[in-house]
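The structure file work-v2.cif is reproduced below (mmCIF, N, CA and C atoms and all ligand atoms).
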```cif
data_start
loop_
_atom_site.label_atom_id
_atom_site.label_comp_id
_atom_site.auth_asym_id
_atom_site.auth_seq_id
_atom_site.Cartn_x
_atom_site.Cartn_y
_atom_site.Cartn_z
N MET R 1 22.51 38.55 -3.36
CA MET R 1 23.31 38.33 -4.55
C MET R 1 22.42 37.73 -5.64
N ALA R 2 22.60 38.23 -6.84
CA ALA R 2 21.85 37.71 -7.98
C ALA R 2 22.83 37.38 -9.09
N GLY R 3 22.57 36.27 -9.77
CA GLY R 3 23.41 35.88 -10.88
C GLY R 3 23.12 36.73 -12.09
N GLU R 4 24.17 37.12 -12.77
CA GLU R 4 24.01 37.90 -14.00
C GLU R 4 25.04 37.43 -15.00
N SER R 5 24.85 37.83 -16.23
CA SER R 5 25.87 37.53 -17.24
C SER R 5 25.94 38.67 -18.23
N GLY R 6 27.06 38.74 -18.87
CA GLY R 6 27.26 39.75 -19.90
C GLY R 6 28.11 39.16 -21.00
N THR R 7 27.95 39.68 -22.22
CA THR R 7 28.73 39.18 -23.35
C THR R 7 29.65 40.28 -23.86
N SER R 8 30.91 39.93 -24.02
CA SER R 8 31.89 40.91 -24.51
C SER R 8 31.80 41.07 -26.02
N HIS R 9 32.57 42.02 -26.56
CA HIS R 9 32.56 42.21 -28.01
C HIS R 9 33.13 41.01 -28.76
N THR R 10 33.87 40.14 -28.03
CA THR R 10 34.39 38.91 -28.66
C THR R 10 33.41 37.74 -28.48
N GLU R 11 32.20 38.06 -28.01
CA GLU R 11 31.14 37.06 -27.80
C GLU R 11 31.40 36.16 -26.59
N LYS R 12 32.41 36.47 -25.80
CA LYS R 12 32.66 35.66 -24.61
C LYS R 12 31.65 36.05 -23.53
N VAL R 13 31.05 35.02 -22.91
CA VAL R 13 30.05 35.27 -21.87
C VAL R 13 30.74 35.30 -20.51
N TYR R 14 30.48 36.35 -19.77
CA TYR R 14 31.01 36.47 -18.41
C TYR R 14 29.85 36.33 -17.43
N ARG R 15 30.06 35.43 -16.46
CA ARG R 15 29.00 35.23 -15.46
C ARG R 15 29.51 35.71 -14.11
N TYR R 16 28.62 36.37 -13.38
CA TYR R 16 29.03 36.90 -12.09
C TYR R 16 27.82 37.06 -11.17
N TYR R 17 28.11 37.33 -9.91
CA TYR R 17 27.06 37.60 -8.94
C TYR R 17 27.16 39.06 -8.52
N LYS R 18 26.00 39.67 -8.39
CA LYS R 18 25.97 41.08 -8.05
C LYS R 18 25.04 41.29 -6.85
N CYS R 19 25.44 42.19 -5.97
CA CYS R 19 24.62 42.52 -4.81
C CYS R 19 23.29 43.12 -5.30
N LEU R 20 22.17 42.65 -4.68
CA LEU R 20 20.85 43.16 -5.11
C LEU R 20 20.72 44.65 -4.87
N SER R 21 21.33 45.10 -3.78
CA SER R 21 21.28 46.53 -3.47
C SER R 21 22.03 47.35 -4.52
N ALA R 22 23.18 46.81 -4.94
CA ALA R 22 23.96 47.49 -5.98
C ALA R 22 23.19 47.45 -7.30
N LYS R 23 22.54 46.31 -7.56
CA LYS R 23 21.80 46.13 -8.81
C LYS R 23 20.66 47.15 -8.92
N LYS R 24 20.02 47.42 -7.75
CA LYS R 24 18.90 48.37 -7.75
C LYS R 24 19.38 49.79 -7.46
N ARG R 25 20.69 49.98 -7.53
CA ARG R 25 21.31 51.31 -7.34
C ARG R 25 20.86 51.96 -6.04
N ARG R 26 20.99 51.16 -4.95
CA ARG R 26 20.61 51.69 -3.65
C ARG R 26 21.83 52.08 -2.82
N GLY R 27 22.93 52.30 -3.49
CA GLY R 27 24.09 52.84 -2.81
C GLY R 27 25.16 51.85 -2.40
N CYS R 28 24.96 50.54 -2.64
CA CYS R 28 26.00 49.58 -2.27
C CYS R 28 27.19 49.73 -3.21
N LYS R 29 28.39 49.72 -2.59
CA LYS R 29 29.60 49.93 -3.39
C LYS R 29 30.31 48.63 -3.77
N PHE R 30 29.76 47.46 -3.32
CA PHE R 30 30.44 46.20 -3.64
C PHE R 30 30.35 45.92 -5.14
N LYS R 31 31.49 45.51 -5.68
CA LYS R 31 31.54 45.19 -7.11
C LYS R 31 31.06 43.76 -7.33
N PRO R 32 30.57 43.45 -8.52
CA PRO R 32 30.17 42.07 -8.82
C PRO R 32 31.38 41.14 -8.68
N VAL R 33 31.11 39.88 -8.33
CA VAL R 33 32.20 38.91 -8.21
C VAL R 33 32.01 37.81 -9.25
N LYS R 34 33.15 37.27 -9.72
CA LYS R 34 33.09 36.23 -10.74
C LYS R 34 32.41 34.98 -10.19
N LYS R 35 31.55 34.38 -11.03
CA LYS R 35 30.76 33.21 -10.65
C LYS R 35 31.64 32.07 -10.13
N GLY R 36 32.63 31.66 -10.90
CA GLY R 36 33.47 30.52 -10.53
C GLY R 36 34.21 30.76 -9.22
N TRP R 37 34.72 31.95 -9.05
CA TRP R 37 35.49 32.27 -7.84
C TRP R 37 34.63 32.14 -6.58
N ILE R 38 33.46 32.78 -6.58
CA ILE R 38 32.65 32.76 -5.35
C ILE R 38 32.00 31.40 -5.13
N GLU R 39 31.64 30.69 -6.21
CA GLU R 39 31.04 29.35 -6.03
C GLU R 39 32.07 28.39 -5.44
N ASP R 40 33.31 28.45 -5.91
CA ASP R 40 34.37 27.60 -5.33
C ASP R 40 34.57 27.92 -3.86
N LEU R 41 34.55 29.22 -3.54
CA LEU R 41 34.74 29.66 -2.16
C LEU R 41 33.63 29.11 -1.26
N VAL R 42 32.37 29.22 -1.73
CA VAL R 42 31.22 28.77 -0.94
C VAL R 42 31.25 27.25 -0.76
N VAL R 43 31.53 26.51 -1.85
CA VAL R 43 31.55 25.05 -1.77
C VAL R 43 32.66 24.59 -0.84
N THR R 44 33.84 25.20 -0.95
CA THR R 44 34.95 24.84 -0.06
C THR R 44 34.57 25.09 1.40
N HIS R 45 33.95 26.23 1.65
CA HIS R 45 33.54 26.55 3.02
C HIS R 45 32.51 25.54 3.54
N LEU R 46 31.51 25.21 2.70
CA LEU R 46 30.47 24.26 3.12
C LEU R 46 31.07 22.89 3.40
N VAL R 47 31.98 22.44 2.54
CA VAL R 47 32.62 21.13 2.75
C VAL R 47 33.37 21.14 4.07
N ASN R 48 34.08 22.22 4.35
CA ASN R 48 34.82 22.31 5.61
C ASN R 48 33.89 22.31 6.81
N VAL R 49 32.74 22.97 6.68
CA VAL R 49 31.79 23.05 7.79
C VAL R 49 31.07 21.71 7.98
N ILE R 50 30.57 21.14 6.87
CA ILE R 50 29.72 19.95 6.97
C ILE R 50 30.51 18.73 7.42
N PHE R 51 31.76 18.59 6.95
CA PHE R 51 32.52 17.38 7.29
C PHE R 51 33.28 17.51 8.61
N ASP R 52 32.87 18.44 9.42
CA ASP R 52 33.41 18.55 10.77
C ASP R 52 32.71 17.49 11.63
N ASP R 53 33.48 16.78 12.46
CA ASP R 53 32.91 15.68 13.25
C ASP R 53 31.72 16.11 14.11
N ASP R 54 31.85 17.28 14.76
CA ASP R 54 30.77 17.74 15.63
C ASP R 54 29.50 18.04 14.83
N VAL R 55 29.67 18.65 13.66
CA VAL R 55 28.51 18.98 12.82
C VAL R 55 27.85 17.70 12.34
N LEU R 56 28.66 16.72 11.90
CA LEU R 56 28.10 15.44 11.44
C LEU R 56 27.33 14.76 12.57
N GLU R 57 27.87 14.83 13.79
CA GLU R 57 27.18 14.22 14.92
C GLU R 57 25.85 14.93 15.18
N ASP R 58 25.86 16.27 15.10
CA ASP R 58 24.61 17.02 15.29
C ASP R 58 23.57 16.64 14.24
N ILE R 59 24.01 16.54 12.99
CA ILE R 59 23.08 16.18 11.91
C ILE R 59 22.51 14.79 12.16
N ALA R 60 23.39 13.83 12.53
CA ALA R 60 22.94 12.46 12.79
C ALA R 60 21.94 12.43 13.95
N ASN R 61 22.25 13.16 15.03
CA ASN R 61 21.34 13.19 16.19
C ASN R 61 19.99 13.79 15.82
N THR R 62 20.02 14.85 15.00
CA THR R 62 18.77 15.49 14.57
C THR R 62 17.93 14.52 13.75
N LEU R 63 18.58 13.78 12.84
CA LEU R 63 17.85 12.83 12.00
C LEU R 63 17.25 11.70 12.84
N VAL R 64 18.01 11.20 13.82
CA VAL R 64 17.50 10.13 14.69
C VAL R 64 16.29 10.65 15.48
N ALA R 65 16.41 11.90 15.99
CA ALA R 65 15.30 12.48 16.76
C ALA R 65 14.06 12.64 15.89
N LEU R 66 14.25 13.08 14.64
CA LEU R 66 13.11 13.24 13.72
C LEU R 66 12.47 11.89 13.43
N ASP R 67 13.30 10.86 13.26
CA ASP R 67 12.79 9.52 12.98
C ASP R 67 11.95 9.02 14.15
N ARG R 68 12.45 9.24 15.39
CA ARG R 68 11.70 8.83 16.59
C ARG R 68 10.37 9.56 16.68
N LYS R 69 10.41 10.87 16.37
CA LYS R 69 9.21 11.69 16.45
C LYS R 69 8.14 11.14 15.51
N GLU R 70 8.56 10.76 14.27
CA GLU R 70 7.61 10.21 13.32
C GLU R 70 7.08 8.87 13.81
N SER R 71 7.95 8.07 14.44
CA SER R 71 7.51 6.78 14.96
C SER R 71 6.48 6.98 16.07
N ASP R 72 6.65 8.03 16.88
CA ASP R 72 5.70 8.31 17.95
C ASP R 72 4.32 8.66 17.40
N ALA R 73 4.27 9.19 16.21
CA ALA R 73 3.00 9.61 15.63
C ALA R 73 2.16 8.41 15.19
N ILE R 74 2.82 7.27 14.90
CA ILE R 74 2.10 6.12 14.36
C ILE R 74 1.07 5.56 15.34
N PRO R 75 1.41 5.33 16.66
CA PRO R 75 0.37 4.84 17.58
C PRO R 75 -0.82 5.78 17.66
N LEU R 76 -0.57 7.08 17.63
CA LEU R 76 -1.67 8.05 17.69
C LEU R 76 -2.56 7.92 16.45
N LEU R 77 -1.93 7.78 15.29
CA LEU R 77 -2.71 7.62 14.05
C LEU R 77 -3.51 6.32 14.07
N ARG R 78 -2.90 5.26 14.64
CA ARG R 78 -3.62 3.97 14.77
C ARG R 78 -4.85 4.13 15.65
N LYS R 79 -4.68 4.85 16.76
CA LYS R 79 -5.77 5.08 17.70
C LYS R 79 -6.90 5.86 17.01
N GLN R 80 -6.52 6.89 16.25
CA GLN R 80 -7.52 7.69 15.54
C GLN R 80 -8.27 6.85 14.51
N LEU R 81 -7.54 5.97 13.82
CA LEU R 81 -8.16 5.11 12.82
C LEU R 81 -9.14 4.15 13.51
N PHE R 82 -8.73 3.59 14.66
CA PHE R 82 -9.57 2.67 15.43
C PHE R 82 -10.86 3.37 15.85
N GLU R 83 -10.72 4.59 16.41
CA GLU R 83 -11.89 5.36 16.85
C GLU R 83 -12.80 5.68 15.66
N TYR R 84 -12.19 5.99 14.54
CA TYR R 84 -12.96 6.31 13.34
C TYR R 84 -13.78 5.10 12.91
N ARG R 85 -13.15 3.90 12.99
CA ARG R 85 -13.87 2.67 12.60
C ARG R 85 -15.06 2.41 13.51
N ILE R 86 -14.89 2.67 14.83
CA ILE R 86 -16.00 2.48 15.77
C ILE R 86 -17.15 3.42 15.41
N VAL R 87 -16.80 4.70 15.16
CA VAL R 87 -17.83 5.67 14.78
C VAL R 87 -18.50 5.21 13.49
N TRP R 88 -17.71 4.73 12.57
CA TRP R 88 -18.23 4.27 11.27
C TRP R 88 -19.24 3.12 11.49
N ARG R 89 -18.85 2.14 12.34
CA ARG R 89 -19.71 0.97 12.58
C ARG R 89 -21.01 1.35 13.31
N THR R 90 -20.88 2.25 14.29
CA THR R 90 -22.06 2.57 15.10
C THR R 90 -22.97 3.59 14.42
N LYS R 91 -22.46 4.30 13.48
CA LYS R 91 -23.28 5.35 12.87
C LYS R 91 -23.41 5.19 11.36
N THR R 92 -23.55 3.97 10.90
CA THR R 92 -23.74 3.80 9.46
C THR R 92 -25.10 3.25 9.16
N THR R 93 -25.56 3.48 7.99
CA THR R 93 -26.85 2.97 7.53
C THR R 93 -26.64 1.50 7.15
N PRO R 94 -27.71 0.76 6.92
CA PRO R 94 -27.54 -0.64 6.50
C PRO R 94 -26.73 -0.78 5.22
N ASP R 95 -26.73 0.26 4.43
CA ASP R 95 -25.95 0.21 3.18
C ASP R 95 -24.45 0.41 3.41
N GLY R 96 -24.08 0.74 4.65
CA GLY R 96 -22.67 0.92 4.95
C GLY R 96 -22.18 2.35 4.83
N PHE R 97 -23.11 3.27 4.64
CA PHE R 97 -22.70 4.66 4.56
C PHE R 97 -22.89 5.33 5.92
N PRO R 98 -22.09 6.33 6.22
CA PRO R 98 -22.27 7.02 7.49
C PRO R 98 -23.66 7.63 7.54
N SER R 99 -24.34 7.46 8.67
CA SER R 99 -25.68 8.04 8.77
C SER R 99 -25.57 9.55 8.76
N GLY R 100 -26.50 10.17 8.19
CA GLY R 100 -26.46 11.62 8.06
C GLY R 100 -25.86 12.04 6.74
N VAL R 101 -25.19 11.10 6.10
CA VAL R 101 -24.66 11.39 4.75
C VAL R 101 -25.43 10.54 3.78
N SER R 102 -26.09 11.17 2.84
CA SER R 102 -26.91 10.42 1.91
C SER R 102 -26.24 10.33 0.56
N PHE R 103 -26.07 9.10 0.12
CA PHE R 103 -25.50 8.88 -1.21
C PHE R 103 -26.58 8.51 -2.22
N LYS R 104 -27.83 8.37 -1.71
CA LYS R 104 -28.92 8.02 -2.63
C LYS R 104 -29.97 9.13 -2.59
N SER R 105 -30.58 9.36 -3.72
CA SER R 105 -31.62 10.40 -3.74
C SER R 105 -32.94 9.77 -3.35
ZN ZN R 201 25.62 45.21 -1.27
#
```
Starting from the file, lay out its structure as structure tokens.
Ligand SMILES: [Zn+2]
Amino acid sequence: MAGESGTSHTEKVYRYYKCLSAKKRRGCKFKPVKKGWIEDLVVTHLVNVIFDDDVLEDIANTLVALDRKESDAIPLLRKQLFEYRIVWRTKTTPDGFPSGVSFKS
């Protein structure tokens, strides 16, 4: 579906959604639908779906699981930072730069 608009001879703008297949004249017979009508229909449907107790519980559980997953990543990142610091300390020049990397000519 693609949004389109047209202006009548009275300068009134009509907004509607049209099937992409119909728009490209690929044989679809569905007529365009009025913007307000289909948007109200979609919003009403989404509200009915989203505010269902089971759906809300699923969303909450998914968010908690994602939060835990991110928390699990922190110890790993700490470990990597620690290892990086050891490599930095053992392989740096007296100037504090990693050996093998030259910042001076
Ligand atoms: Zn179509």
Which residues of chain R come within 9 Å of ligand ZN 201 (chain R), and what is each one's closest atom pair and distance in Å (one decimal), counting only C-alpha atoms and all ligand atoms, sorted by chain and residue number, as a tab-separated table?
```
residue	atom	partner	partner_atom	distance
R:Met1	CA	R:ZN201	ZN	8.0
R:Lys18	CA	R:ZN201	ZN	7.9
R:Cys19	CA	R:ZN201	ZN	4.6
R:Leu20	CA	R:ZN201	ZN	6.5
R:Ser21	CA	R:ZN201	ZN	5.0
R:Ala22	CA	R:ZN201	ZN	5.5
R:Lys23	CA	R:ZN201	ZN	8.5
R:Arg26	CA	R:ZN201	ZN	8.5
R:Gly27	CA	R:ZN201	ZN	7.9
R:Cys28	CA	R:ZN201	ZN	4.5
R:Lys29	CA	R:ZN201	ZN	6.5
R:Phe30	CA	R:ZN201	ZN	5.5
R:Lys31	CA	R:ZN201	ZN	8.3
```
### Message
Which residue is closest to Pro32 of chain R? Choose from R:Asp53, R:Tyr17, R:Arg78, R:Thr44 and count only N, CA and C atoms.
### Response
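Looking only at the distances to Pro32 of chain R, the closest residue turns out to be R:Tyr17.
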### Query
Running DSSP on the backbone, which parts of chain R land in strand (DSSP E), as a list in words?
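Of chain R, the ones in strand (DSSP E) are Ala2, Gly3, Glu4, Ser5, Gly6, Thr7, Val13, Tyr14, Arg15, Tyr16, Tyr17, Lys18, Val33 and Lys34 of chain R.
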Give me a file of those residues, with N, CA and C atoms, as an mmCIF file, in the coordinates of the input.
```
data_model
loop_
_atom_site.group_PDB
_atom_site.id
_atom_site.type_symbol
_atom_site.label_atom_id
_atom_site.label_comp_id
_atom_site.auth_asym_id
_atom_site.auth_seq_id
_atom_site.Cartn_x
_atom_site.Cartn_y
_atom_site.Cartn_z
ATOM 1 N N ALA R 2 22.600 38.230 -6.840
ATOM 2 C CA ALA R 2 21.850 37.710 -7.980
ATOM 3 C C ALA R 2 22.830 37.380 -9.090
ATOM 4 N N GLY R 3 22.570 36.270 -9.770
ATOM 5 C CA GLY R 3 23.410 35.880 -10.880
ATOM 6 C C GLY R 3 23.120 36.730 -12.090
ATOM 7 N N GLU R 4 24.170 37.120 -12.770
ATOM 8 C CA GLU R 4 24.010 37.900 -14.000
ATOM 9 C C GLU R 4 25.040 37.430 -15.000
ATOM 10 N N SER R 5 24.850 37.830 -16.230
ATOM 11 C CA SER R 5 25.870 37.530 -17.240
ATOM 12 C C SER R 5 25.940 38.670 -18.230
ATOM 13 N N GLY R 6 27.060 38.740 -18.870
ATOM 14 C CA GLY R 6 27.260 39.750 -19.900
ATOM 15 C C GLY R 6 28.110 39.160 -21.000
ATOM 16 N N THR R 7 27.950 39.680 -22.220
ATOM 17 C CA THR R 7 28.730 39.180 -23.350
ATOM 18 C C THR R 7 29.650 40.280 -23.860
ATOM 19 N N VAL R 13 31.050 35.020 -22.910
ATOM 20 C CA VAL R 13 30.050 35.270 -21.870
ATOM 21 C C VAL R 13 30.740 35.300 -20.510
ATOM 22 N N TYR R 14 30.480 36.350 -19.770
ATOM 23 C CA TYR R 14 31.010 36.470 -18.410
ATOM 24 C C TYR R 14 29.850 36.330 -17.430
ATOM 25 N N ARG R 15 30.060 35.430 -16.460
ATOM 26 C CA ARG R 15 29.000 35.230 -15.460
ATOM 27 C C ARG R 15 29.510 35.710 -14.110
ATOM 28 N N TYR R 16 28.620 36.370 -13.380
ATOM 29 C CA TYR R 16 29.030 36.900 -12.090
ATOM 30 C C TYR R 16 27.820 37.060 -11.170
ATOM 31 N N TYR R 17 28.110 37.330 -9.910
ATOM 32 C CA TYR R 17 27.060 37.600 -8.940
ATOM 33 C C TYR R 17 27.160 39.060 -8.520
ATOM 34 N N LYS R 18 26.000 39.670 -8.390
ATOM 35 C CA LYS R 18 25.970 41.080 -8.050
ATOM 36 C C LYS R 18 25.040 41.290 -6.850
ATOM 37 N N VAL R 33 31.110 39.880 -8.330
ATOM 38 C CA VAL R 33 32.200 38.910 -8.210
ATOM 39 C C VAL R 33 32.010 37.810 -9.250
ATOM 40 N N LYS R 34 33.150 37.270 -9.720
ATOM 41 C CA LYS R 34 33.090 36.230 -10.740
ATOM 42 C C LYS R 34 32.410 34.980 -10.190
#
```
